[in-house]
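Reproduced below: model_24.pdb, with PDB, C-alpha atoms.
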MODEL        1
ATOM      1  CA  MET A   1      -6.028  -0.515 -13.750
ATOM      2  CA  PHE A   2      -6.268  -1.374 -10.078
ATOM      3  CA  GLY A   3      -8.764  -4.267 -10.100
ATOM      4  CA  ALA A   4      -6.193  -7.056  -9.762
ATOM      5  CA  GLU A   5      -5.369  -6.149  -6.184
ATOM      6  CA  ARG A   6      -9.046  -6.181  -5.214
ATOM      7  CA  THR A   7      -9.503  -9.535  -6.927
ATOM      8  CA  ARG A   8      -6.668 -10.965  -4.846
ATOM      9  CA  THR A   9      -8.449  -9.720  -1.765
ATOM     10  CA  LEU A  10     -11.554 -11.668  -2.745
ATOM     11  CA  LEU A  11      -9.558 -14.848  -3.358
ATOM     12  CA  GLY A  12      -7.938 -14.655   0.083
ATOM     13  CA  PRO A  13      -6.199 -17.889   1.134
ATOM     14  CA  VAL A  14      -6.988 -19.662  -2.138
ATOM     15  CA  ASP A  15      -5.034 -17.082  -4.127
ATOM     16  CA  PRO A  16      -2.127 -18.999  -5.721
ATOM     17  CA  ALA A  17      -0.013 -15.815  -5.610
ATOM     18  CA  ARG A  18      -0.811 -14.875  -2.031
ATOM     19  CA  ASN A  19       2.837 -15.093  -0.982
ATOM     20  CA  THR A  20       3.857 -12.683  -3.711
ATOM     21  CA  ALA A  21       4.516  -9.114  -2.566
ATOM     22  CA  VAL A  22       1.490  -7.023  -3.538
ATOM     23  CA  ALA A  23       0.085  -3.722  -2.404
ATOM     24  CA  PRO A  24      -2.575  -4.089   0.329
ATOM     25  CA  PRO A  25      -6.216  -3.754  -0.797
ATOM     26  CA  ARG A  26      -7.883  -0.384  -0.305
ATOM     27  CA  ILE A  27     -11.274  -1.812   0.718
ATOM     28  CA  SER A  28     -12.489  -4.984   2.355
ATOM     29  CA  ALA A  29     -13.695  -7.983   0.395
ATOM     30  CA  ARG A  30     -17.093  -7.582   2.018
ATOM     31  CA  ASP A  31     -17.433  -4.056   0.693
ATOM     32  CA  LEU A  32     -16.452  -5.101  -2.807
ATOM     33  CA  ILE A  33     -18.910  -7.985  -2.754
ATOM     34  CA  ASP A  34     -21.683  -5.634  -1.640
ATOM     35  CA  ARG A  35     -20.869  -3.297  -4.493
ATOM     36  CA  ALA A  36     -20.772  -6.011  -7.100
ATOM     37  CA  GLY A  37     -24.000  -7.593  -5.854
ATOM     38  CA  THR A  38     -26.125  -4.562  -6.586
ATOM     39  CA  THR A  39     -26.166  -5.065 -10.353
ATOM     40  CA  GLU A  40     -24.280  -6.468 -13.315
ATOM     41  CA  TYR A  41     -20.835  -5.260 -14.300
ATOM     42  CA  VAL A  42     -20.751  -4.378 -17.955
ATOM     43  CA  VAL A  43     -17.530  -3.534 -19.782
ATOM     44  CA  ARG A  44     -18.069  -1.501 -22.913
ATOM     45  CA  HIS A  45     -15.387  -0.403 -25.366
ATOM     46  CA  ARG A  46     -15.994   1.875 -28.344
ATOM     47  CA  HIS A  47     -13.536   3.329 -30.829
ATOM     48  CA  ALA A  48     -12.860   7.037 -30.546
ATOM     49  CA  ARG A  49     -10.041   9.406 -31.334
ATOM     50  CA  PRO A  50      -7.863  10.071 -28.286
ATOM     51  CA  THR A  51      -7.420  13.813 -28.807
ATOM     52  CA  ARG A  52     -10.656  15.005 -27.185
ATOM     53  CA  ARG A  53     -11.106  13.798 -23.622
ATOM     54  CA  LEU A  54     -13.406  14.025 -20.624
ATOM     55  CA  VAL A  55     -12.208  13.497 -17.086
ATOM     56  CA  LEU A  56     -14.451  12.068 -14.363
ATOM     57  CA  ALA A  57     -13.529  14.630 -11.748
ATOM     58  CA  ALA A  58     -15.597  14.971  -8.578
ATOM     59  CA  GLY A  59     -18.615  17.166  -9.256
ATOM     60  CA  ALA A  60     -17.517  19.809  -6.815
ATOM     61  CA  LEU A  61     -14.103  19.905  -8.471
ATOM     62  CA  ALA A  62     -15.388  20.098 -12.008
ATOM     63  CA  VAL A  63     -17.325  23.333 -11.666
ATOM     64  CA  VAL A  64     -14.517  25.661 -12.718
ATOM     65  CA  ALA A  65     -12.206  24.896 -15.643
ATOM     66  CA  GLY A  66      -8.580  25.086 -14.643
ATOM     67  CA  THR A  67      -9.014  23.611 -11.170
ATOM     68  CA  ALA A  68      -7.622  20.303  -9.941
ATOM     69  CA  GLY A  69      -9.935  18.260 -12.152
ATOM     70  CA  VAL A  70      -8.377  19.561 -15.365
ATOM     71  CA  ILE A  71      -5.146  18.696 -17.102
ATOM     72  CA  HIS A  72      -3.870  21.681 -19.063
ATOM     73  CA  ARG A  73      -0.730  23.455 -20.125
ATOM     74  CA  PHE A  74       0.538  26.031 -17.643
ATOM     75  CA  ASP A  75       0.200  29.738 -18.414
ATOM     76  CA  ALA A  76       0.712  30.842 -14.818
ATOM     77  CA  ALA A  77       1.868  29.402 -11.528
ATOM     78  CA  THR A  78      -0.528  26.928  -9.924
ATOM     79  CA  PRO A  79      -0.856  26.654  -6.134
ATOM     80  CA  ASN A  80       1.103  23.679  -4.825
ATOM     81  CA  THR A  81      -1.578  22.135  -2.643
ATOM     82  CA  SER A  82      -1.204  18.693  -1.103
ATOM     83  CA  ASP A  83      -4.887  17.873  -0.937
ATOM     84  CA  ILE A  84      -8.226  18.702  -2.526
ATOM     85  CA  ALA A  85     -10.925  20.979  -1.157
ATOM     86  CA  ASP A  86     -14.352  21.874  -2.548
ATOM     87  CA  PRO A  87     -14.628  25.381  -4.024
ATOM     88  CA  PRO A  88     -16.465  27.855  -1.744
ATOM     89  CA  GLY A  89     -20.239  27.730  -2.021
ATOM     90  CA  VAL A  90     -20.344  24.326  -3.681
ATOM     91  CA  GLU A  91     -22.198  21.607  -1.834
ATOM     92  CA  PRO A  92     -20.526  18.186  -1.787
ATOM     93  CA  GLY A  93     -22.199  15.409  -3.712
ATOM     94  CA  VAL A  94     -23.501  17.493  -6.596
ATOM     95  CA  VAL A  95     -23.903  15.831  -9.951
ATOM     96  CA  LEU A  96     -20.646  15.398 -11.783
ATOM     97  CA  VAL A  97     -20.007  17.896 -14.541
ATOM     98  CA  PRO A  98     -17.405  16.267 -16.823
ATOM     99  CA  VAL A  99     -14.512  18.545 -17.759
ATOM    100  CA  ALA A 100     -13.264  18.532 -21.337
ATOM    101  CA  TYR A 101      -9.637  19.245 -22.160
ATOM    102  CA  GLN A 102      -7.427  19.040 -25.197
ATOM    103  CA  LEU A 103      -3.922  17.634 -25.344
ATOM    104  CA  ASN A 104      -1.567  18.929 -27.990
ATOM    105  CA  SER A 105      -1.826  16.886 -31.170
ATOM    106  CA  ASP A 106       1.829  17.562 -32.071
ATOM    107  CA  ALA A 107       3.290  15.882 -28.986
ATOM    108  CA  SER A 108       6.829  14.633 -29.435
ATOM    109  CA  ALA A 109       8.489  11.391 -28.372
ATOM    110  CA  ALA A 110       9.071  11.307 -24.619
ATOM    111  CA  ARG A 111      12.530   9.684 -24.736
ATOM    112  CA  PRO A 112      14.799  12.797 -24.725
ATOM    113  CA  HIS A 113      12.624  14.589 -22.175
ATOM    114  CA  LEU A 114      12.558  11.648 -19.754
ATOM    115  CA  ARG A 115      16.314  11.202 -20.026
ATOM    116  CA  ALA A 116      16.875  14.912 -19.426
ATOM    117  CA  LEU A 117      14.607  14.808 -16.383
ATOM    118  CA  ALA A 118      16.448  11.761 -15.027
ATOM    119  CA  GLY A 119      19.746  13.638 -15.219
ATOM    120  CA  LYS A 120      18.714  16.579 -13.046
ATOM    121  CA  LEU A 121      16.705  15.129 -10.157
ATOM    122  CA  ILE A 122      16.991  16.577  -6.665
ATOM    123  CA  ASP A 123      16.239  14.920  -3.334
ATOM    124  CA  ALA A 124      12.654  14.298  -2.314
ATOM    125  CA  ALA A 125      11.642  14.998   1.292
ATOM    126  CA  TYR A 126      11.853  11.317   2.167
ATOM    127  CA  ASP A 127      15.387  10.938   0.808
ATOM    128  CA  ASN A 128      16.574  12.369   4.123
ATOM    129  CA  GLN A 129      14.177  10.393   6.313
ATOM    130  CA  SER A 130      14.397   7.080   8.109
ATOM    131  CA  GLY A 131      11.944   4.971  10.066
ATOM    132  CA  ARG A 132      10.532   1.548  10.692
ATOM    133  CA  TYR A 133       7.488   2.001   8.464
ATOM    134  CA  THR A 134       6.903   3.193   4.936
ATOM    135  CA  TYR A 135       3.924   5.503   4.627
ATOM    136  CA  HIS A 136       1.709   6.068   1.589
ATOM    137  CA  HIS A 137      -1.303   8.353   1.320
ATOM    138  CA  THR A 138      -3.270   7.912  -1.896
ATOM    139  CA  LYS A 139      -6.626   8.771  -3.405
ATOM    140  CA  VAL A 140      -8.217   6.760  -6.190
ATOM    141  CA  TRP A 141     -11.180   7.685  -8.357
ATOM    142  CA  GLY A 142     -12.952   5.316 -10.753
ATOM    143  CA  ASP A 143     -12.063   2.043  -9.044
ATOM    144  CA  PRO A 144     -14.228   0.223  -9.701
ATOM    145  CA  VAL A 145     -16.617   1.625 -12.319
ATOM    146  CA  MET A 146     -20.073   0.064 -12.587
ATOM    147  CA  THR A 147     -22.288   0.328 -15.660
ATOM    148  CA  SER A 148     -25.935  -0.641 -15.859
ATOM    149  CA  ALA A 149     -26.845  -3.687 -17.958
ATOM    150  CA  ASP A 150     -28.168  -1.480 -20.757
ATOM    151  CA  GLY A 151     -24.978   0.599 -20.785
ATOM    152  CA  ARG A 152     -26.756   3.879 -20.074
ATOM    153  CA  TYR A 153     -25.878   4.656 -16.455
ATOM    154  CA  HIS A 154     -22.455   4.832 -14.835
ATOM    155  CA  VAL A 155     -21.051   5.213 -11.332
ATOM    156  CA  ALA A 156     -17.382   5.518 -10.427
ATOM    157  CA  PHE A 157     -16.306   4.690  -6.867
ATOM    158  CA  ALA A 158     -13.533   6.489  -5.026
ATOM    159  CA  ASP A 159     -11.530   5.999  -1.867
ATOM    160  CA  GLU A 160      -8.675   7.443   0.171
ATOM    161  CA  THR A 161      -6.069   5.154   1.722
ATOM    162  CA  LYS A 162      -3.252   5.577   4.228
ATOM    163  CA  VAL A 163      -0.858   2.650   4.674
ATOM    164  CA  TRP A 164       1.924   2.143   7.213
ATOM    165  CA  GLN A 165       3.990  -0.962   6.476
ATOM    166  CA  ALA A 166       7.168  -2.462   7.935
ATOM    167  CA  ALA A 167       9.731  -4.489   6.006
ATOM    168  CA  ASP A 168       8.014  -7.737   7.049
ATOM    169  CA  GLY A 169       4.681  -6.518   5.646
ATOM    170  CA  THR A 170       3.012  -5.851   9.000
ATOM    171  CA  GLY A 171       1.423  -2.506   9.708
ATOM    172  CA  ASN A 172      -1.906  -0.771   9.398
ATOM    173  CA  GLN A 173      -4.192   0.480   6.652
ATOM    174  CA  ILE A 174      -6.927   3.105   6.976
ATOM    175  CA  THR A 175      -9.398   3.385   4.105
ATOM    176  CA  THR A 176     -12.140   5.969   3.672
ATOM    177  CA  GLN A 177     -14.724   5.404   0.969
ATOM    178  CA  LEU A 178     -15.399   8.707  -0.777
ATOM    179  CA  GLU A 179     -18.535   9.835  -2.562
ATOM    180  CA  PRO A 180     -19.329   8.036  -5.822
ATOM    181  CA  GLN A 181     -19.159  10.033  -9.059
ATOM    182  CA  PHE A 182     -21.706  10.257 -11.863
ATOM    183  CA  PRO A 183     -21.424  11.596 -15.418
ATOM    184  CA  ASP A 184     -24.987  12.979 -15.438
ATOM    185  CA  GLN A 185     -28.132  13.426 -13.356
ATOM    186  CA  GLU A 186     -29.783  10.384 -14.909
ATOM    187  CA  SER A 187     -26.919   8.139 -13.752
ATOM    188  CA  ARG A 188     -27.067   9.648 -10.291
ATOM    189  CA  ASP A 189     -30.806   9.034 -10.011
ATOM    190  CA  TYR A 190     -30.493   5.480 -11.324
ATOM    191  CA  TRP A 191     -27.689   4.448  -8.985
ATOM    192  CA  GLN A 192     -29.259   6.153  -6.002
ATOM    193  CA  ARG A 193     -32.117   3.705  -6.464
ATOM    194  CA  GLU A 194     -29.926   0.692  -7.272
ATOM    195  CA  LEU A 195     -27.464   1.159  -4.428
ATOM    196  CA  LYS A 196     -30.045   0.978  -1.669
ATOM    197  CA  GLY A 197     -28.420  -0.745   1.269
ATOM    198  CA  GLY A 198     -24.998  -0.223  -0.309
ATOM    199  CA  PRO A 199     -22.583   2.719  -0.200
ATOM    200  CA  ALA A 200     -24.383   5.995   0.421
ATOM    201  CA  VAL A 201     -24.524   8.378  -2.515
ATOM    202  CA  SER A 202     -24.209  11.622  -0.561
ATOM    203  CA  THR A 203     -22.369  10.656   2.613
ATOM    204  CA  THR A 204     -18.836   9.584   3.436
ATOM    205  CA  PRO A 205     -18.627   6.434   5.601
ATOM    206  CA  ALA A 206     -16.338   6.336   8.597
ATOM    207  CA  PRO A 207     -12.727   5.270   7.921
ATOM    208  CA  VAL A 208     -12.007   1.551   8.239
ATOM    209  CA  SER A 209      -8.753   0.528   9.945
ATOM    210  CA  VAL A 210      -7.280  -2.887   9.088
ATOM    211  CA  PRO A 211      -4.104  -4.421  10.583
ATOM    212  CA  LEU A 212      -1.758  -5.814   7.945
ATOM    213  CA  PRO A 213      -0.448  -9.382   8.311
ATOM    214  CA  PRO A 214       3.154 -10.429   7.620
ATOM    215  CA  LEU A 215       4.030 -10.419   3.925
ATOM    216  CA  ASP A 216       7.154 -11.458   2.087
ATOM    217  CA  ARG A 217       8.002  -8.222   0.298
ATOM    218  CA  ALA A 218      10.872  -8.307  -2.165
ATOM    219  CA  PRO A 219      13.177  -5.285  -1.939
ATOM    220  CA  LEU A 220      12.998  -2.685  -4.690
ATOM    221  CA  PRO A 221      15.833  -3.290  -7.186
ATOM    222  CA  SER A 222      18.070  -0.409  -8.251
ATOM    223  CA  ASP A 223      19.760  -2.058 -11.243
ATOM    224  CA  ARG A 224      18.458  -0.900 -14.642
ATOM    225  CA  ALA A 225      17.937  -4.407 -16.000
ATOM    226  CA  GLN A 226      16.094  -5.573 -12.892
ATOM    227  CA  LEU A 227      13.926  -2.439 -12.878
ATOM    228  CA  SER A 228      13.078  -3.004 -16.528
ATOM    229  CA  GLU A 229      11.966  -6.527 -15.663
ATOM    230  CA  LEU A 230       9.972  -5.328 -12.652
ATOM    231  CA  LEU A 231       8.222  -2.684 -14.738
ATOM    232  CA  LYS A 232       7.434  -5.230 -17.464
ATOM    233  CA  ALA A 233       8.965  -2.798 -19.953
ATOM    234  CA  ARG A 234       9.250  -5.529 -22.599
ATOM    235  CA  TYR A 235       5.443  -5.661 -22.758
ATOM    236  CA  GLY A 236       5.186  -2.027 -23.808
ATOM    237  CA  ALA A 237       4.151   1.355 -22.482
ATOM    238  CA  GLY A 238       0.731   0.263 -21.230
ATOM    239  CA  ALA A 239       2.159  -2.397 -18.930
ATOM    240  CA  ALA A 240       5.018  -0.149 -17.828
ATOM    241  CA  SER A 241       2.602   2.640 -16.897
ATOM    242  CA  LYS A 242       0.641   0.355 -14.603
ATOM    243  CA  GLU A 243       3.748  -1.107 -12.989
ATOM    244  CA  VAL A 244       5.283   2.313 -12.328
ATOM    245  CA  SER A 245       2.098   3.243 -10.478
ATOM    246  CA  THR A 246       2.306   0.001  -8.481
ATOM    247  CA  VAL A 247       5.961   0.550  -7.554
ATOM    248  CA  TYR A 248       5.386   4.080  -6.299
ATOM    249  CA  GLY A 249       2.310   2.990  -4.374
ATOM    250  CA  ARG A 250       4.247   0.191  -2.659
ATOM    251  CA  TYR A 251       7.814   1.420  -2.133
ATOM    252  CA  ILE A 252       9.662   4.537  -1.058
ATOM    253  CA  VAL A 253      11.761   5.082  -4.171
ATOM    254  CA  PRO A 254      15.224   6.674  -3.663
ATOM    255  CA  ARG A 255      16.529   9.336  -6.025
ATOM    256  CA  GLN A 256      18.911   7.127  -8.011
ATOM    257  CA  THR A 257      16.188   4.539  -8.556
ATOM    258  CA  ARG A 258      13.733   7.252  -9.601
ATOM    259  CA  ALA A 259      16.242   8.319 -12.235
ATOM    260  CA  GLU A 260      16.679   4.740 -13.474
ATOM    261  CA  ILE A 261      12.890   4.307 -13.717
ATOM    262  CA  LEU A 262      12.699   7.380 -15.950
ATOM    263  CA  ARG A 263      15.492   5.993 -18.129
ATOM    264  CA  VAL A 264      13.707   2.653 -18.404
ATOM    265  CA  LEU A 265      10.535   4.441 -19.533
ATOM    266  CA  ALA A 266      12.563   6.490 -22.011
ATOM    267  CA  ASP A 267      13.530   3.256 -23.775
ATOM    268  CA  VAL A 268       9.922   2.014 -24.021
ATOM    269  CA  PRO A 269       8.403   2.940 -27.418
ATOM    270  CA  GLY A 270       5.075   4.742 -27.500
ATOM    271  CA  PHE A 271       5.300   7.350 -24.740
ATOM    272  CA  LEU A 272       4.553  10.934 -25.810
ATOM    273  CA  TRP A 273       5.756  14.021 -23.941
ATOM    274  CA  ARG A 274       2.923  16.339 -22.812
ATOM    275  CA  GLY A 275       4.886  18.957 -20.913
ATOM    276  CA  GLN A 276       3.607  20.794 -17.838
ATOM    277  CA  VAL A 277       0.243  19.755 -16.406
ATOM    278  CA  THR A 278      -1.622  19.776 -13.101
ATOM    279  CA  ASP A 279      -2.866  16.709 -11.273
ATOM    280  CA  ARG A 280      -6.138  16.417  -9.368
ATOM    281  CA  ALA A 281      -4.487  17.704  -6.212
ATOM    282  CA  GLY A 282      -3.515  20.907  -8.010
ATOM    283  CA  ARG A 283       0.204  20.069  -8.116
ATOM    284  CA  MET A 284       2.365  21.025 -11.058
ATOM    285  CA  GLY A 285       4.032  18.152 -12.861
ATOM    286  CA  VAL A 286       5.223  16.933 -16.246
ATOM    287  CA  ALA A 287       3.329  14.233 -18.081
ATOM    288  CA  VAL A 288       3.745  11.447 -20.600
ATOM    289  CA  THR A 289       0.916   9.541 -22.266
ATOM    290  CA  PHE A 290       0.490   6.305 -24.165
ATOM    291  CA  ASP A 291      -2.440   5.635 -26.483
ATOM    292  CA  ASP A 292      -3.413   1.969 -26.166
ATOM    293  CA  ARG A 293      -5.536   1.733 -29.306
ATOM    294  CA  GLU A 294      -5.922  -2.033 -28.992
ATOM    295  CA  HIS A 295      -7.901  -1.531 -25.772
ATOM    296  CA  ASP A 296      -9.315   1.949 -26.585
ATOM    297  CA  ALA A 297      -7.576   3.490 -23.592
ATOM    298  CA  GLN A 298      -4.929   6.020 -22.727
ATOM    299  CA  SER A 299      -2.408   5.910 -19.890
ATOM    300  CA  LEU A 300      -1.050   9.104 -18.371
ATOM    301  CA  LEU A 301       1.810   9.450 -15.871
ATOM    302  CA  ILE A 302       2.546  12.720 -14.060
ATOM    303  CA  PHE A 303       5.962  13.207 -12.454
ATOM    304  CA  ASP A 304       7.289  15.874 -10.129
ATOM    305  CA  PRO A 305       9.493  18.065 -12.373
ATOM    306  CA  ASN A 306      12.187  18.382  -9.700
ATOM    307  CA  THR A 307      12.345  15.100  -7.777
ATOM    308  CA  GLY A 308      10.973  12.728 -10.440
ATOM    309  CA  GLU A 309       8.438  11.249  -7.988
ATOM    310  CA  LEU A 310       5.239   9.876  -9.494
ATOM    311  CA  LEU A 311       2.372  12.211  -8.591
ATOM    312  CA  ALA A 312      -0.498  10.615 -10.485
ATOM    313  CA  HIS A 313      -1.508   7.839 -12.866
ATOM    314  CA  GLU A 314      -4.616   7.912 -15.022
ATOM    315  CA  ARG A 315      -6.139   5.168 -17.178
ATOM    316  CA  LEU A 316      -8.783   6.696 -19.441
ATOM    317  CA  THR A 317     -11.259   4.814 -21.614
ATOM    318  CA  LEU A 318     -11.630   6.393 -25.052
ATOM    319  CA  SER A 319     -15.329   5.684 -25.472
ATOM    320  CA  PRO A 320     -18.062   8.339 -25.832
ATOM    321  CA  VAL A 321     -18.541   8.103 -22.040
ATOM    322  CA  ARG A 322     -15.064   8.930 -20.788
ATOM    323  CA  ILE A 323     -14.393   7.006 -17.574
ATOM    324  CA  SER A 324     -11.119   7.652 -15.836
ATOM    325  CA  ALA A 325      -9.411   5.468 -13.233
ATOM    326  CA  TYR A 326      -7.168   7.986 -11.522
ATOM    327  CA  GLN A 327      -4.708   7.686  -8.632
ATOM    328  CA  VAL A 328      -2.836  10.477  -6.896
ATOM    329  CA  ILE A 329      -0.028   9.825  -4.434
ATOM    330  CA  LEU A 330      -0.482  12.652  -1.952
ATOM    331  CA  ASP A 331       2.331  11.704   0.393
ATOM    332  CA  ALA A 332       5.005   9.058   0.891
ATOM    333  CA  GLY A 333       7.866   8.660   3.309
ATOM    334  CA  TRP A 334       9.378   6.939   6.313
ATOM    335  CA  THR A 335       8.078   7.053   9.893
ATOM    336  CA  ASP A 336       8.426   5.322  13.258
ATOM    337  CA  ARG A 337       4.772   5.979  14.119
ATOM    338  CA  LEU A 338       2.114   3.449  13.203
ATOM    339  CA  GLY A 339      -1.116   5.167  12.282
TER     340      GLY A 339
ENDMDL
END
Show this structure as structure tokens.
Amino acid sequence: MFGAERTRTLLGPVDPARNTAVAPPRISARDLIDRAGTTEYVVRHRHARPTRRLVLAAGALAVVAGTAGVIHRFDAATPNTSDIADPPGVEPGVVLVPVAYQLNSDASAARPHLRALAGKLIDAAYDNQSGRYTYHHTKVWGDPVMTSADGRYHVAFADETKVWQAADGTGNQITTQLEPQFPDQESRDYWQRELKGGPAVSTTPAPVSVPLPPLDRAPLPSDRAQLSELLKARYGAGAASKEVSTVYGRYIVPRQTRAEILRVLADVPGFLWRGQVTDRAGRMGVAVTFDDREHDAQSLLIFDPNTGELLAHERLTLSPVRISAYQVILDAGWTDRLG
């Protein structure tokens, strides 16, 4: 889901697309090389029905069903928190307890719901802001995921990123590597041995601040046809899901453009409407999904039900070991201060 940007970081000056506007990498090339050097990457795909799912939520978050690690239909109001905290009495770094949840099997086509949402959007906080820099605060879980050579043990990396970026691409990026996640105690024990000298299993490294060089960033189009091209809508719902996540992670999207994005998605076959859900930050949203059976994966997009902003994007493998690459956009806006 997010590996292309990290690959471009590794290529550096030999990247043939280095002058193309891309989101800045969340970690350094050195860090990624250290991770990859500890063992082999193994990609495993197995066929499974997409109705029963496990989410790789942080162990401390997955203790209680119904918390930020779970996607479920709303029966009561959910606190609108902007960040994630460990439940009281739970020590950080405990073994991940995967959370199971069920999506409705009778989901309907998303088209009428997305079009209805597009027609009633209100201003986001940043619609009334101005500033020299765009600001994005995101958290990503499951990027990358490493699997042992025998396919038995898994570790999912996570990080938190804050980016300030001017129109010419210059700015600053602060990245904090978060604690890795494990689906079971055996995986935790295995990777604690294998990652010696690499990222600590139970500690959070200090944030890394990186100045951003000039970058030729194309402006965000507002025209429906241009947005459809940007979102690669002609390639289907899987590609569009990824590109929507990229757009919201790179630009500050005005209300009219948010509405056009929803209308573009409404015209892409394959999206199913899932109704009200919560994201990993505990925020209420409305979701659409796309089952990519060719690649045994499912994409999920969560939008703010009032402003239409993208809150979260998940890419879930549909194998017996459910591994989720999950991004939440915790904040976005304009500012004159460079962090």
### Expected selection from the PyMOL selection byres ((chain A and resi 303) around 10), given as a list in words
Leu114, Leu117, Leu262, Gln276, Val277, Asp279, Arg283, Met284, Gly285, Val286, Ala287, Val288, Leu301, Ile302, Asp304, Pro305, Asn306, Thr307, Gly308, Glu309, Leu310, Leu311, Ala312 and His313 of chain A
#### Entry: Residue neighbourhood region 162-166 of chain A, 12 Å, all atoms listed in the file, exclusion window fewer than 2 positions, as number ranges by chain
A: 22-27, 130-140, 159-160, 168-177, 207-217, 219, 249-252, 329-339
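Note on the selection: in this file the PyMOL selection byres ((chain A and resi 225) around 12) comes out as A:Pro221, A:Ser222, A:Asp223, A:Arg224, A:Gln226, A:Leu227, A:Ser228, A:Glu229, A:Leu230, A:Leu231, A:Lys232, A:Ala233, A:Arg234, A:Thr257, A:Glu260, A:Ile261, A:Arg263, A:Val264, A:Asp267.
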### Query
Which of these, A:Tyr126, A:Phe182, A:Phe290, A:Arg274, has the shortest distance to Ala240 (chain A) once you count all atoms listed in the file?
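Using all atoms listed in the file, the shortest distance to Ala240 (chain A) belongs to A:Phe290.
Here CA of Thr246 (chain A) is placed at a distance of 20.2 Å from CA of Ala125 (chain A).
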### Task
Taking the file as shown, find all residues satisfying the PyMOL selection byres ((chain A and resi 186) around 12) and write them as a VMD selection string.
chain A and resid 95 to 96 148 152 to 155 182 to 185 187 to 193
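Comparing A:Arg315, A:Ala218, A:His295, A:Gln181 by their smallest distance to Ser241 (chain A), the closest is A:Arg315 (using only C-alpha atoms).
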### Query
From the set A:Ala266, A:Ala297, A:Ala325, A:Met146, which residue has the shortest atom-to-atom contact distance to Glu194 (chain A), counting all atoms listed in the file?
A:Met146
### Message
One decimal, in Å: what's the spacing between CA of Pro180 (chain A) and CA of Thr278 (chain A)?
### Response
22.5 Å
Using all atoms listed in the file - which residues lie no farther than 12 Å from the point (22.5, 8.6, -5.4) in the file's frame? Write them as a compact mmCIF listing (two decimals) with C-alpha atoms, in the coordinates of the input.
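See point.txt below for the written result:
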# COMPACT_ATOMS: atom_id res chain seq x y z
CA ALA A 118 16.45 11.76 -15.03
CA GLY A 119 19.75 13.64 -15.22
CA LYS A 120 18.71 16.58 -13.05
CA LEU A 121 16.70 15.13 -10.16
CA ILE A 122 16.99 16.58 -6.66
CA ASP A 123 16.24 14.92 -3.33
CA ALA A 124 12.65 14.30 -2.31
CA ASP A 127 15.39 10.94 0.81
CA ASN A 128 16.57 12.37 4.12
CA SER A 222 18.07 -0.41 -8.25
CA VAL A 253 11.76 5.08 -4.17
CA PRO A 254 15.22 6.67 -3.66
CA ARG A 255 16.53 9.34 -6.02
CA GLN A 256 18.91 7.13 -8.01
CA THR A 257 16.19 4.54 -8.56
CA ARG A 258 13.73 7.25 -9.60
CA ALA A 259 16.24 8.32 -12.24
CA GLU A 260 16.68 4.74 -13.47
### Task
Can you work out the spacing between CA of Ala237 (chain A) and CA of Gly142 (chain A) in Å, to one decimal?
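Pair CA of Ala237 (chain A) / CA of Gly142 (chain A) returns 21.1 Å.
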### Query
Which residue out of A:Ala110, A:Ala239, A:Val247, A:Val328 has the minimum interatomic distance to Gln298 (chain A) when only C-alpha atoms are used?
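Ranking A:Ala110, A:Ala239, A:Val247, A:Val328 by distance to Gln298 (chain A), first place goes to A:Ala239.
Distance check against Ala167 (chain A) using only C-alpha atoms: of A:Asp292, A:Leu300, A:Leu220, A:Ala116, the minimum falls on A:Leu220.
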